[in-house]
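Novice: Data: final_7.cif, mmCIF, C-alpha atoms.
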```cif
data_coords
#
loop_
_atom_site.label_atom_id
_atom_site.label_comp_id
_atom_site.auth_asym_id
_atom_site.auth_seq_id
_atom_site.Cartn_x
_atom_site.Cartn_y
_atom_site.Cartn_z
CA MET A 295 107.74 -62.86 59.16
CA GLY A 296 108.80 -61.17 55.90
CA ALA A 297 108.85 -57.44 55.19
CA MET A 298 105.49 -55.80 54.56
CA THR A 299 104.75 -54.85 50.89
CA ASP A 300 102.16 -52.51 49.46
CA PRO A 301 99.01 -54.28 48.30
CA PRO A 302 98.38 -54.52 44.51
CA GLY A 303 96.76 -51.34 43.18
CA SER A 304 98.51 -49.04 45.62
CA PRO A 305 99.64 -45.78 43.96
CA LYS A 306 103.22 -46.65 44.96
CA THR A 307 103.20 -49.66 42.66
CA ILE A 308 102.16 -47.85 39.45
CA CYS A 309 104.73 -48.51 36.69
CA PRO A 310 106.97 -45.49 36.03
CA PRO A 311 107.41 -44.36 32.38
CA GLU A 312 110.96 -45.72 32.27
CA ARG A 313 112.31 -48.99 33.61
CA HIS A 314 115.03 -48.95 36.24
CA GLU A 315 116.57 -52.08 34.75
CA PRO A 316 116.81 -52.53 30.95
CA LEU A 317 115.33 -55.63 29.40
CA PRO A 318 117.70 -58.17 27.82
CA TRP A 319 116.89 -57.19 24.23
CA GLN A 320 117.60 -53.50 24.81
CA ARG A 321 121.34 -54.11 24.33
CA PRO A 322 122.96 -55.77 21.29
CA LYS A 323 125.13 -58.76 21.90
CA SER A 324 128.54 -57.52 23.02
CA SER A 325 131.90 -58.15 21.43
CA GLU A 326 133.03 -59.66 24.70
CA GLU A 327 130.60 -62.51 24.10
CA ASP A 328 131.29 -62.75 20.36
CA ALA A 329 133.82 -60.52 18.60
CA ASP A 330 131.83 -60.56 15.33
CA ALA A 331 128.43 -59.89 16.93
CA PRO A 332 128.31 -56.05 16.73
CA ALA A 333 129.10 -56.01 13.00
CA MET A 334 126.62 -58.80 12.35
CA VAL A 335 123.87 -56.94 14.22
CA GLU A 336 124.69 -53.76 12.28
CA ARG A 337 124.27 -55.60 8.97
CA ILE A 338 120.87 -56.84 10.10
CA LEU A 339 119.79 -53.34 11.13
CA ARG A 340 120.79 -52.00 7.70
CA SER A 341 119.01 -54.76 5.79
CA PRO A 342 115.89 -53.65 3.81
CA SER A 343 114.02 -56.59 5.30
CA TYR A 344 114.41 -55.07 8.77
CA ARG A 345 112.73 -51.79 7.83
CA ARG A 346 109.28 -51.50 9.29
CA ALA A 347 106.79 -51.95 6.44
CA ASP A 348 105.18 -48.50 6.76
CA GLU A 349 108.63 -46.86 6.65
CA ASP A 350 109.99 -48.92 3.75
CA VAL A 351 109.46 -46.69 0.71
CA ASP A 352 110.92 -49.25 -1.70
CA PHE A 353 108.49 -51.89 -0.45
CA LEU A 354 105.53 -49.50 -0.55
CA ASN A 355 106.39 -48.62 -4.16
CA SER A 356 106.59 -52.25 -5.26
CA SER A 357 104.02 -53.84 -7.56
CA GLU A 358 102.95 -56.20 -4.76
CA THR A 359 101.69 -53.32 -2.59
CA ARG A 360 99.70 -51.54 -5.30
CA GLY A 361 96.45 -52.48 -3.56
CA VAL A 362 97.64 -50.82 -0.36
CA ARG A 363 98.68 -47.70 -2.27
CA LEU A 364 95.26 -47.51 -3.92
CA GLN A 365 93.64 -47.66 -0.49
CA ILE A 366 95.74 -44.93 1.09
CA ASP A 367 95.54 -42.77 -2.07
CA TYR A 368 91.78 -42.82 -1.51
CA LEU A 369 91.77 -42.70 2.28
CA LYS A 370 93.92 -39.67 3.09
CA PRO A 371 91.78 -37.15 1.14
CA GLN A 372 88.62 -38.85 2.38
CA VAL A 373 89.63 -38.45 6.01
CA LEU A 374 90.68 -34.81 5.60
CA LEU A 375 87.62 -33.81 3.56
CA GLU A 376 85.40 -35.25 6.27
CA LYS A 377 87.46 -33.54 8.96
CA HIS A 378 86.89 -30.17 7.29
CA GLY A 379 83.17 -30.77 6.85
CA ILE A 380 83.22 -30.89 3.05
CA GLU A 381 79.91 -32.53 2.18
CA HIS A 382 79.45 -31.72 -1.52
CA THR A 383 81.38 -30.08 -4.33
CA ILE A 384 80.88 -28.32 -7.60
CA VAL A 385 83.63 -29.50 -9.90
CA ALA A 386 85.08 -26.92 -12.29
CA PHE A 387 87.37 -27.98 -15.12
CA GLY A 388 88.98 -26.16 -18.03
CA GLY A 389 92.15 -25.42 -19.90
CA THR A 390 95.36 -24.87 -17.96
CA ARG A 391 96.56 -22.61 -20.80
CA ILE A 392 93.63 -20.19 -20.50
CA VAL A 393 95.27 -17.39 -18.56
CA GLU A 394 94.16 -14.03 -17.22
CA PRO A 395 93.44 -11.46 -19.97
CA PHE A 396 96.43 -9.28 -19.08
CA VAL A 397 98.76 -12.30 -19.23
CA ALA A 398 97.35 -13.29 -22.63
CA GLU A 399 97.81 -9.72 -23.86
CA ARG A 400 101.40 -9.63 -22.63
CA GLU A 401 102.21 -12.84 -24.51
CA ILE A 402 100.82 -11.40 -27.74
CA GLU A 403 102.84 -8.20 -27.37
CA SER A 404 105.99 -10.27 -26.87
CA LEU A 405 105.29 -12.40 -29.94
CA GLU A 406 104.46 -9.35 -32.04
CA ARG A 407 107.86 -7.86 -31.20
CA LEU A 408 109.51 -11.07 -32.34
CA MET A 409 107.42 -11.09 -35.52
CA ARG A 410 108.70 -7.63 -36.43
CA GLU A 411 112.21 -9.00 -36.18
CA ARG A 412 111.44 -12.29 -38.00
CA PRO A 413 108.39 -11.62 -40.21
CA ASP A 414 108.96 -14.71 -42.38
CA ASP A 415 109.15 -17.22 -39.53
CA PRO A 416 106.14 -19.59 -40.03
CA ALA A 417 106.52 -21.23 -36.62
CA LEU A 418 106.40 -17.84 -34.95
CA GLY A 419 103.30 -16.96 -36.96
CA ARG A 420 101.57 -20.10 -35.72
CA ARG A 421 102.50 -19.27 -32.12
CA LEU A 422 101.03 -15.80 -32.52
CA ALA A 423 97.81 -17.19 -34.02
CA ARG A 424 97.41 -19.59 -31.09
CA ALA A 425 98.15 -16.81 -28.61
CA GLU A 426 95.39 -14.73 -30.17
CA ARG A 427 92.98 -17.64 -29.74
CA ILE A 428 93.98 -17.91 -26.09
CA ARG A 429 93.40 -14.17 -25.68
CA ALA A 430 89.90 -14.62 -27.07
CA LYS A 431 89.23 -17.37 -24.53
CA SER A 432 90.87 -15.54 -21.62
CA ARG A 433 87.48 -14.06 -20.78
CA TYR A 434 86.62 -17.47 -19.38
CA TYR A 435 89.25 -16.98 -16.67
CA GLU A 436 87.15 -14.08 -15.39
CA VAL A 437 83.92 -16.05 -15.82
CA ALA A 438 85.34 -18.96 -13.79
CA ARG A 439 86.59 -16.59 -11.11
CA ARG A 440 83.18 -14.95 -10.76
CA PHE A 441 81.53 -18.35 -10.67
CA GLY A 442 83.86 -19.56 -7.91
CA ARG A 443 82.98 -16.49 -5.89
CA LEU A 444 79.25 -17.14 -6.34
CA VAL A 445 79.66 -20.68 -5.02
CA GLY A 446 81.82 -19.45 -2.15
CA LEU A 447 79.15 -16.97 -1.05
CA ALA A 448 76.22 -19.37 -1.49
CA GLY A 449 74.33 -21.25 1.18
CA GLY A 450 75.23 -19.92 4.60
CA GLY A 451 78.14 -17.86 3.27
CA PRO A 452 81.91 -18.45 3.19
CA GLU A 453 81.90 -20.48 6.42
CA ASP A 454 79.35 -22.93 5.00
CA SER A 455 81.28 -25.95 3.68
CA ARG A 456 78.29 -27.98 2.54
CA VAL A 457 79.03 -27.16 -1.13
CA VAL A 458 82.48 -25.97 -2.20
CA ILE A 459 84.42 -25.51 -5.41
CA MET A 460 86.68 -28.42 -6.37
CA THR A 461 89.17 -28.33 -9.26
CA GLY A 462 92.20 -30.21 -10.46
CA GLY A 463 94.27 -27.70 -8.53
CA GLY A 464 96.25 -26.53 -11.55
CA PRO A 465 96.58 -23.20 -13.39
CA GLY A 466 94.29 -21.57 -15.93
CA VAL A 467 90.54 -21.99 -15.54
CA MET A 468 90.94 -24.20 -12.47
CA GLU A 469 93.03 -21.54 -10.78
CA ALA A 470 90.36 -19.00 -11.60
CA ALA A 471 87.56 -21.04 -9.99
CA ASN A 472 89.62 -21.67 -6.85
CA ARG A 473 90.55 -17.99 -6.82
CA GLY A 474 86.95 -16.86 -6.89
CA ALA A 475 86.13 -18.97 -3.85
CA PHE A 476 89.32 -17.70 -2.19
CA ASP A 477 88.20 -14.12 -2.92
CA ALA A 478 84.98 -14.87 -1.04
CA GLY A 479 86.89 -16.25 1.95
CA ALA A 480 85.50 -19.76 1.39
CA LYS A 481 87.21 -23.13 1.53
CA THR A 482 88.16 -24.52 -1.86
CA VAL A 483 89.59 -27.90 -2.88
CA GLY A 484 92.30 -28.88 -5.37
CA LEU A 485 93.14 -32.42 -6.50
CA ASN A 486 96.63 -32.47 -7.99
CA ILE A 487 98.21 -35.53 -9.59
CA ASP A 488 101.77 -36.84 -9.69
CA LEU A 489 103.18 -36.40 -13.20
CA PRO A 490 106.59 -37.12 -14.73
CA HIS A 491 107.19 -33.36 -14.79
CA GLU A 492 106.65 -31.43 -11.57
CA GLN A 493 103.22 -29.89 -11.12
CA PHE A 494 102.62 -26.98 -8.78
CA PRO A 495 99.20 -26.33 -7.25
CA ASN A 496 97.69 -22.93 -7.87
CA PRO A 497 98.03 -20.61 -4.85
CA TYR A 498 94.30 -20.19 -4.21
CA VAL A 499 93.49 -23.72 -3.01
CA THR A 500 92.93 -23.98 0.75
CA PRO A 501 96.27 -25.46 1.93
CA GLU A 502 94.60 -28.09 4.13
CA LEU A 503 92.43 -29.15 1.18
CA CYS A 504 95.04 -29.52 -1.56
CA PHE A 505 95.78 -33.17 -2.28
CA ARG A 506 98.29 -34.94 -4.50
CA PHE A 507 97.26 -38.28 -5.96
CA HIS A 508 99.31 -41.06 -7.47
CA TYR A 509 96.43 -42.74 -9.32
CA PHE A 510 94.21 -40.97 -11.82
CA ALA A 511 91.42 -43.45 -11.04
CA ILE A 512 91.31 -42.53 -7.35
CA ARG A 513 91.45 -38.83 -8.18
CA LYS A 514 88.52 -39.28 -10.56
CA MET A 515 86.59 -41.05 -7.83
CA HIS A 516 87.05 -38.12 -5.48
CA PHE A 517 85.96 -35.69 -8.20
CA LEU A 518 82.58 -37.37 -8.48
CA MET A 519 81.91 -38.80 -5.02
CA ARG A 520 80.60 -35.48 -3.70
CA ALA A 521 79.85 -33.71 -6.97
CA LYS A 522 76.64 -31.69 -7.18
CA ALA A 523 77.52 -30.37 -10.64
CA LEU A 524 80.26 -30.43 -13.27
CA VAL A 525 81.11 -27.14 -14.98
CA ALA A 526 83.36 -27.62 -18.02
CA PHE A 527 85.04 -24.54 -19.46
CA PRO A 528 86.97 -24.68 -22.75
CA GLY A 529 89.90 -27.03 -22.32
CA GLY A 530 91.96 -29.83 -23.76
CA LEU A 531 92.32 -33.56 -23.27
CA GLY A 532 92.13 -33.50 -19.47
CA THR A 533 88.89 -31.51 -19.58
CA LEU A 534 87.44 -33.83 -22.22
CA ASP A 535 88.43 -36.84 -20.13
CA GLU A 536 86.53 -35.62 -17.07
CA LEU A 537 83.56 -34.45 -19.13
CA PHE A 538 83.04 -37.66 -21.10
CA GLU A 539 83.55 -39.89 -18.10
CA THR A 540 80.91 -37.93 -16.18
CA LEU A 541 78.46 -38.02 -19.09
CA THR A 542 79.00 -41.77 -19.47
CA LEU A 543 78.36 -42.39 -15.77
CA ILE A 544 75.17 -40.33 -15.92
CA GLN A 545 74.03 -41.95 -19.18
CA THR A 546 74.46 -45.43 -17.72
CA ARG A 547 73.06 -44.31 -14.33
CA LYS A 548 76.16 -45.50 -12.53
CA ILE A 549 75.84 -42.22 -10.64
CA GLN A 550 72.78 -40.18 -9.80
CA PRO A 551 72.30 -37.53 -12.50
CA ILE A 552 73.86 -34.14 -11.81
CA PRO A 553 73.82 -30.96 -13.87
CA VAL A 554 76.60 -30.72 -16.46
CA ILE A 555 77.23 -27.27 -17.93
CA LEU A 556 79.47 -26.60 -20.93
CA VAL A 557 80.66 -23.01 -20.79
CA GLY A 558 81.18 -21.49 -24.23
CA ARG A 559 78.69 -22.76 -26.80
CA GLU A 560 80.80 -21.86 -29.83
CA TYR A 561 83.79 -23.77 -28.52
CA TRP A 562 81.92 -26.84 -27.38
CA ARG A 563 79.74 -27.14 -30.48
CA ARG A 564 82.92 -27.63 -32.50
CA VAL A 565 84.68 -29.93 -30.03
CA PHE A 566 81.66 -32.08 -29.22
CA ASP A 567 79.29 -32.51 -32.17
CA ILE A 568 76.33 -34.16 -30.45
CA ASP A 569 74.19 -33.86 -33.58
CA PHE A 570 76.70 -35.94 -35.53
CA LEU A 571 76.55 -38.68 -32.89
CA LEU A 572 72.76 -38.61 -33.02
CA ASP A 573 72.69 -38.79 -36.82
CA GLU A 574 75.13 -41.69 -36.74
CA GLY A 575 72.81 -43.56 -34.38
CA VAL A 576 75.48 -44.17 -31.72
CA ILE A 577 73.58 -42.34 -28.95
CA ASP A 578 69.92 -41.81 -28.16
CA ALA A 579 68.04 -38.53 -28.35
CA GLU A 580 67.73 -38.36 -24.57
CA ASP A 581 71.54 -38.40 -24.27
CA ALA A 582 71.61 -34.93 -25.82
CA ASP A 583 69.80 -33.69 -22.71
CA LEU A 584 72.58 -34.66 -20.30
CA TYR A 585 74.10 -31.16 -20.42
CA TRP A 586 73.45 -27.59 -21.44
CA TYR A 587 75.43 -24.52 -22.47
CA ALA A 588 76.11 -21.28 -20.61
CA GLU A 589 78.27 -18.21 -21.11
CA GLU A 590 78.36 -16.19 -17.89
CA ALA A 591 78.95 -17.01 -14.23
CA GLU A 592 75.49 -15.95 -13.10
CA GLU A 593 73.90 -18.03 -15.85
CA ILE A 594 75.82 -21.12 -14.75
CA TRP A 595 74.85 -20.70 -11.10
CA GLU A 596 71.21 -19.91 -11.78
CA GLY A 597 71.01 -22.94 -14.08
CA ILE A 598 72.33 -25.23 -11.34
CA LEU A 599 69.84 -23.84 -8.82
CA ALA A 600 66.99 -24.23 -11.32
CA TRP A 601 68.02 -27.83 -12.11
CA TYR A 602 67.83 -28.81 -8.44
CA GLN A 603 64.54 -27.04 -7.94
CA ALA A 604 63.05 -28.73 -11.03
CA ASN A 605 64.25 -32.14 -9.84
CA GLY A 606 62.96 -31.67 -6.31
CA ARG A 607 66.37 -32.20 -4.77
CA PRO A 608 68.15 -29.82 -2.39
CA LEU A 609 71.49 -28.41 -3.48
CA PHE A 610 72.37 -27.76 0.16
CA ASP A 611 71.59 -30.57 2.58
CA GLY A 612 69.40 -29.36 5.41
CA ASP A 613 67.66 -26.66 3.36
#
```
Take the structure from the file and write it as structure tokens.

Specialist:
Amino acid sequence: MGAMTDPPGSPKTICPPERHEPLPWQRPKSSEEDADAPAMVERILRSPSYRRADEDVDFLNSSETRGVRLQIDYLKPQVLLEKHGIEHTIVAFGGTRIVEPFVAEREIESLERLMRERPDDPALGRRLARAERIRAKSRYYEVARRFGRLVGLAGGGPEDSRVVIMTGGGPGVMEAANRGAFDAGAKTVGLNIDLPHEQFPNPYVTPELCFRFHYFAIRKMHFLMRAKALVAFPGGLGTLDELFETLTLIQTRKIQPIPVILVGREYWRRVFDIDFLLDEGVIDAEDADLYWYAEEAEEIWEGILAWYQANGRPLFDGD
């Protein structure tokens, strides 16, 4: 009669974490069996084809895997936003060159010193004129900061993530809006983008909620997926891009209408001549009602609240 063995399922037969005997494929073929084998195996291990697909950066950056990159460009922020309970956002956009008033003042003082040394330099004169225009608009940095704070304190307070400030994560007006929410102790989101020149996020974005995108299209999608409002401060081409895309989506009802507020009537009336478009017959009269103007942070916030009340929709889910 043979030796007794433990029945299957006995605790003594549970597999240990490590094997006592290695499996055949755990060792490369030895030189004793084939003198050329170790070098041949090493060449295989170094071959790009042998890299695991998710670790092969060259493969992931190829044109053939663009669809995969689009998916993960979308998915990573989506997963993390959900993890942090971010339900809705108020998107704030504006010029990256619109700095704090004291920074604008310091730039003018520097240029004025140079002008005293080179009074006949036309290029320097143009730089000073532009700096003075930036100083005039620097008040919007403070407006955006106050507005961000209002959003951060709204709802159930700073811990309430149902509606948070979202920006492009850069400097200027976007920094100011993130900073206001940061001042309130609230979470705040920044969506950076890979550019040929390095771009740094502003320091006031919640670190766990600052994302860097490869594709503008996916970034735009995330701007509007949760948006409860778009607040556009004076800005350049990037601001115009986001503004006109949002207005087009609302006009065509590709998205549910949301409030769109242009901050700074004087600026926007020159940049965006809606009356000219109406007179030319290229838009309808109702398209002029897709947005309104505001000047101060409280006016922006009260307008958003009034828009939701008038439309019978809650700004904060659950209210």

Novice: Starting from the point (85.0, -14.5, -4.8), work out which residues of protein, DNA or RNA have an atom no more than 7 Å away when counting all atoms listed in the file; state them as a list in words.

Specialist: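 The requested residues, written out, are Arg439, Arg440, Gly442, Arg443, Leu444, Gly446, Arg473, Gly474, Ala475, Phe476, Asp477 and Ala478 of chain A.
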
Novice: Please dump the current selection as an mmCIF file, keeping the file's coordinate frame; keep C-alpha atoms.

Specialist:
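Everything below was put into again.cif:
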```cif
data_model
loop_
_atom_site.group_PDB
_atom_site.id
_atom_site.type_symbol
_atom_site.label_atom_id
_atom_site.label_comp_id
_atom_site.auth_asym_id
_atom_site.auth_seq_id
_atom_site.Cartn_x
_atom_site.Cartn_y
_atom_site.Cartn_z
ATOM 1 C CA ARG A 439 86.590 -16.590 -11.110
ATOM 2 C CA ARG A 440 83.180 -14.950 -10.760
ATOM 3 C CA GLY A 442 83.860 -19.560 -7.910
ATOM 4 C CA ARG A 443 82.980 -16.490 -5.890
ATOM 5 C CA LEU A 444 79.250 -17.140 -6.340
ATOM 6 C CA GLY A 446 81.820 -19.450 -2.150
ATOM 7 C CA ARG A 473 90.550 -17.990 -6.820
ATOM 8 C CA GLY A 474 86.950 -16.860 -6.890
ATOM 9 C CA ALA A 475 86.130 -18.970 -3.850
ATOM 10 C CA PHE A 476 89.320 -17.700 -2.190
ATOM 11 C CA ASP A 477 88.200 -14.120 -2.920
ATOM 12 C CA ALA A 478 84.980 -14.870 -1.040
#
```

Novice: What is the CA of Leu556 (chain A) to CA of Ala523 (chain A) distance in Å?

Specialist: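 Separating CA of Leu556 (chain A) from CA of Ala523 (chain A) is a distance of 11.1 Å.
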
Novice: Name the residues, using the chain letters and numbers of the file, that sit within 12 Å of (84.7, -36.7, -18.9) when counting only C-alpha atoms, and give them as a PDB file with C-alpha atoms, keeping the file's coordinate frame.

Specialist:
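The resulting file, selection_21.pdb, is shown below:
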```pdb
ATOM      1  CA  VAL A 385      83.630 -29.500  -9.900  1.00  0.00           C
ATOM      2  CA  ALA A 386      85.080 -26.920 -12.290  1.00  0.00           C
ATOM      3  CA  PHE A 387      87.370 -27.980 -15.120  1.00  0.00           C
ATOM      4  CA  GLY A 388      88.980 -26.160 -18.030  1.00  0.00           C
ATOM      5  CA  LYS A 514      88.520 -39.280 -10.560  1.00  0.00           C
ATOM      6  CA  PHE A 517      85.960 -35.690  -8.200  1.00  0.00           C
ATOM      7  CA  LEU A 518      82.580 -37.370  -8.480  1.00  0.00           C
ATOM      8  CA  LEU A 524      80.260 -30.430 -13.270  1.00  0.00           C
ATOM      9  CA  VAL A 525      81.110 -27.140 -14.980  1.00  0.00           C
ATOM     10  CA  ALA A 526      83.360 -27.620 -18.020  1.00  0.00           C
ATOM     11  CA  GLY A 529      89.900 -27.030 -22.320  1.00  0.00           C
ATOM     12  CA  GLY A 530      91.960 -29.830 -23.760  1.00  0.00           C
ATOM     13  CA  LEU A 531      92.320 -33.560 -23.270  1.00  0.00           C
ATOM     14  CA  GLY A 532      92.130 -33.500 -19.470  1.00  0.00           C
ATOM     15  CA  THR A 533      88.890 -31.510 -19.580  1.00  0.00           C
ATOM     16  CA  LEU A 534      87.440 -33.830 -22.220  1.00  0.00           C
ATOM     17  CA  ASP A 535      88.430 -36.840 -20.130  1.00  0.00           C
ATOM     18  CA  GLU A 536      86.530 -35.620 -17.070  1.00  0.00           C
ATOM     19  CA  LEU A 537      83.560 -34.450 -19.130  1.00  0.00           C
ATOM     20  CA  PHE A 538      83.040 -37.660 -21.100  1.00  0.00           C
ATOM     21  CA  GLU A 539      83.550 -39.890 -18.100  1.00  0.00           C
ATOM     22  CA  THR A 540      80.910 -37.930 -16.180  1.00  0.00           C
ATOM     23  CA  LEU A 541      78.460 -38.020 -19.090  1.00  0.00           C
ATOM     24  CA  THR A 542      79.000 -41.770 -19.470  1.00  0.00           C
ATOM     25  CA  LEU A 543      78.360 -42.390 -15.770  1.00  0.00           C
ATOM     26  CA  ILE A 544      75.170 -40.330 -15.920  1.00  0.00           C
ATOM     27  CA  GLN A 545      74.030 -41.950 -19.180  1.00  0.00           C
ATOM     28  CA  VAL A 554      76.600 -30.720 -16.460  1.00  0.00           C
ATOM     29  CA  LEU A 556      79.470 -26.600 -20.930  1.00  0.00           C
ATOM     30  CA  PHE A 566      81.660 -32.080 -29.220  1.00  0.00           C
TER      31      PHE A 566
END
```

Novice: Taking the file above as input, evaluate the PyMOL selection byres ((chain A and resi 507) around 9) and report the hits as a PyMOL selection string.

Specialist: chain A and resi 367-368+485-488+505-506+508-510+512-513

Novice: Hey, what's within 12 Å of Phe527 (chain A) if we count all atoms listed in the file and toss same-chain stuff fewer than 3 positions away? As a compact mmCIF listing (two decimals) with C-alpha atoms, in the frame of the given file, please?

Specialist:
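Wrote it out as result-v5.txt, contents follow:
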```txt
# COMPACT_ATOMS: atom_id res chain seq x y z
CA VAL A 385 83.63 -29.50 -9.90
CA ALA A 386 85.08 -26.92 -12.29
CA PHE A 387 87.37 -27.98 -15.12
CA GLY A 388 88.98 -26.16 -18.03
CA GLY A 389 92.15 -25.42 -19.90
CA THR A 390 95.36 -24.87 -17.96
CA ARG A 391 96.56 -22.61 -20.80
CA ILE A 392 93.63 -20.19 -20.50
CA LYS A 431 89.23 -17.37 -24.53
CA SER A 432 90.87 -15.54 -21.62
CA ARG A 433 87.48 -14.06 -20.78
CA TYR A 434 86.62 -17.47 -19.38
CA TYR A 435 89.25 -16.98 -16.67
CA GLU A 436 87.15 -14.08 -15.39
CA VAL A 437 83.92 -16.05 -15.82
CA ALA A 438 85.34 -18.96 -13.79
CA ARG A 439 86.59 -16.59 -11.11
CA PHE A 441 81.53 -18.35 -10.67
CA THR A 461 89.17 -28.33 -9.26
CA GLY A 466 94.29 -21.57 -15.93
CA VAL A 467 90.54 -21.99 -15.54
CA MET A 468 90.94 -24.20 -12.47
CA ALA A 470 90.36 -19.00 -11.60
CA ALA A 471 87.56 -21.04 -9.99
CA LEU A 524 80.26 -30.43 -13.27
CA GLY A 530 91.96 -29.83 -23.76
CA GLY A 532 92.13 -33.50 -19.47
CA THR A 533 88.89 -31.51 -19.58
CA LEU A 534 87.44 -33.83 -22.22
CA GLU A 536 86.53 -35.62 -17.07
CA LEU A 537 83.56 -34.45 -19.13
CA VAL A 554 76.60 -30.72 -16.46
CA ILE A 555 77.23 -27.27 -17.93
CA LEU A 556 79.47 -26.60 -20.93
CA VAL A 557 80.66 -23.01 -20.79
CA GLY A 558 81.18 -21.49 -24.23
CA ARG A 559 78.69 -22.76 -26.80
CA GLU A 560 80.80 -21.86 -29.83
CA TYR A 561 83.79 -23.77 -28.52
CA TRP A 562 81.92 -26.84 -27.38
CA VAL A 565 84.68 -29.93 -30.03
CA TYR A 587 75.43 -24.52 -22.47
CA ALA A 588 76.11 -21.28 -20.61
CA GLU A 589 78.27 -18.21 -21.11
CA GLU A 590 78.36 -16.19 -17.89
CA ALA A 591 78.95 -17.01 -14.23
CA ILE A 594 75.82 -21.12 -14.75
```

Novice: Written as a list in words, what is the full residue list that the PyMOL selection byres ((chain A and resi 500) around 8) yields on the file shown?

Specialist: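 Output from the PyMOL selection byres ((chain A and resi 500) around 8), applied to this file: Phe476, Lys481, Thr482, Val483, Gly484, Tyr498, Val499, Pro501, Glu502, Leu503 and Cys504 of chain A.
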
Novice: Could you pull the residues within 9 Å of Glu399 (chain A), counting only C-alpha atoms, minus those fewer than 5 positions along the same chain, as a list in words?

Specialist: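 Close residues of Glu399 (chain A): Glu394, Ser404, Ala425, Glu426 and Arg429 of chain A.
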
Novice: Dump C-alpha atoms for the selected residues as a short mmCIF file (atom, residue, chain, number, x, y, z; two decimals), keeping the file's coordinate frame?

Specialist:
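In the end it all went to part.cif:
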```cif
data_model
loop_
_atom_site.label_atom_id
_atom_site.label_comp_id
_atom_site.auth_asym_id
_atom_site.auth_seq_id
_atom_site.Cartn_x
_atom_site.Cartn_y
_atom_site.Cartn_z
CA GLU A 394 94.16 -14.03 -17.22
CA SER A 404 105.99 -10.27 -26.87
CA ALA A 425 98.15 -16.81 -28.61
CA GLU A 426 95.39 -14.73 -30.17
CA ARG A 429 93.40 -14.17 -25.68
#
```

Novice: Kindly give the distance, in Å, that separates CA of His491 (chain A) and CA of Gly464 (chain A), rounded to a single decimal.

Specialist: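 That distance, rounded to one decimal, is 13.3 Å.
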
Novice: How many Å separate CA of Gly575 (chain A) from CA of Arg563 (chain A)?

Specialist: 18.2 Å

Novice: Which of these residues is nearest to Arg421 (chain A), using only C-alpha atoms: A:Leu408, A:Ile338, A:Leu375, A:Ala604?

Specialist: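 Going through A:Leu408, A:Ile338, A:Leu375, A:Ala604 one by one, the smallest distance to Arg421 (chain A) is for A:Leu408.
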
Novice: So which residues get picked by the PyMOL selection byres ((chain A and resi 402) around 12) here, written as a VMD selection string?

Specialist: chain A and resid 395 to 401 403 to 409 418 to 430

Novice: Pick out the closest residue to Asp454 (chain A) from this set: A:Gln372, A:Gln365, A:Thr383, A:Gln320. Count all atoms listed in the file.

Specialist: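 With all atoms listed in the file as the atom set, the closest residue is A:Thr383.
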
Novice: Choose the residue, out of A:Ala579, A:Met460, A:Ala333, A:Val351, that has the smallest atom-to-atom separation from Met519 (chain A); count only C-alpha atoms.

Specialist: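 For Met519 (chain A), the nearest of the given residues is A:Met460.
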
Novice: With only C-alpha atoms as the basis for distance, which of A:Asp348, A:Asp611, A:Glu381, A:Glu336 is at the shortest distance from Val362 (chain A)?

Specialist: A:Asp348
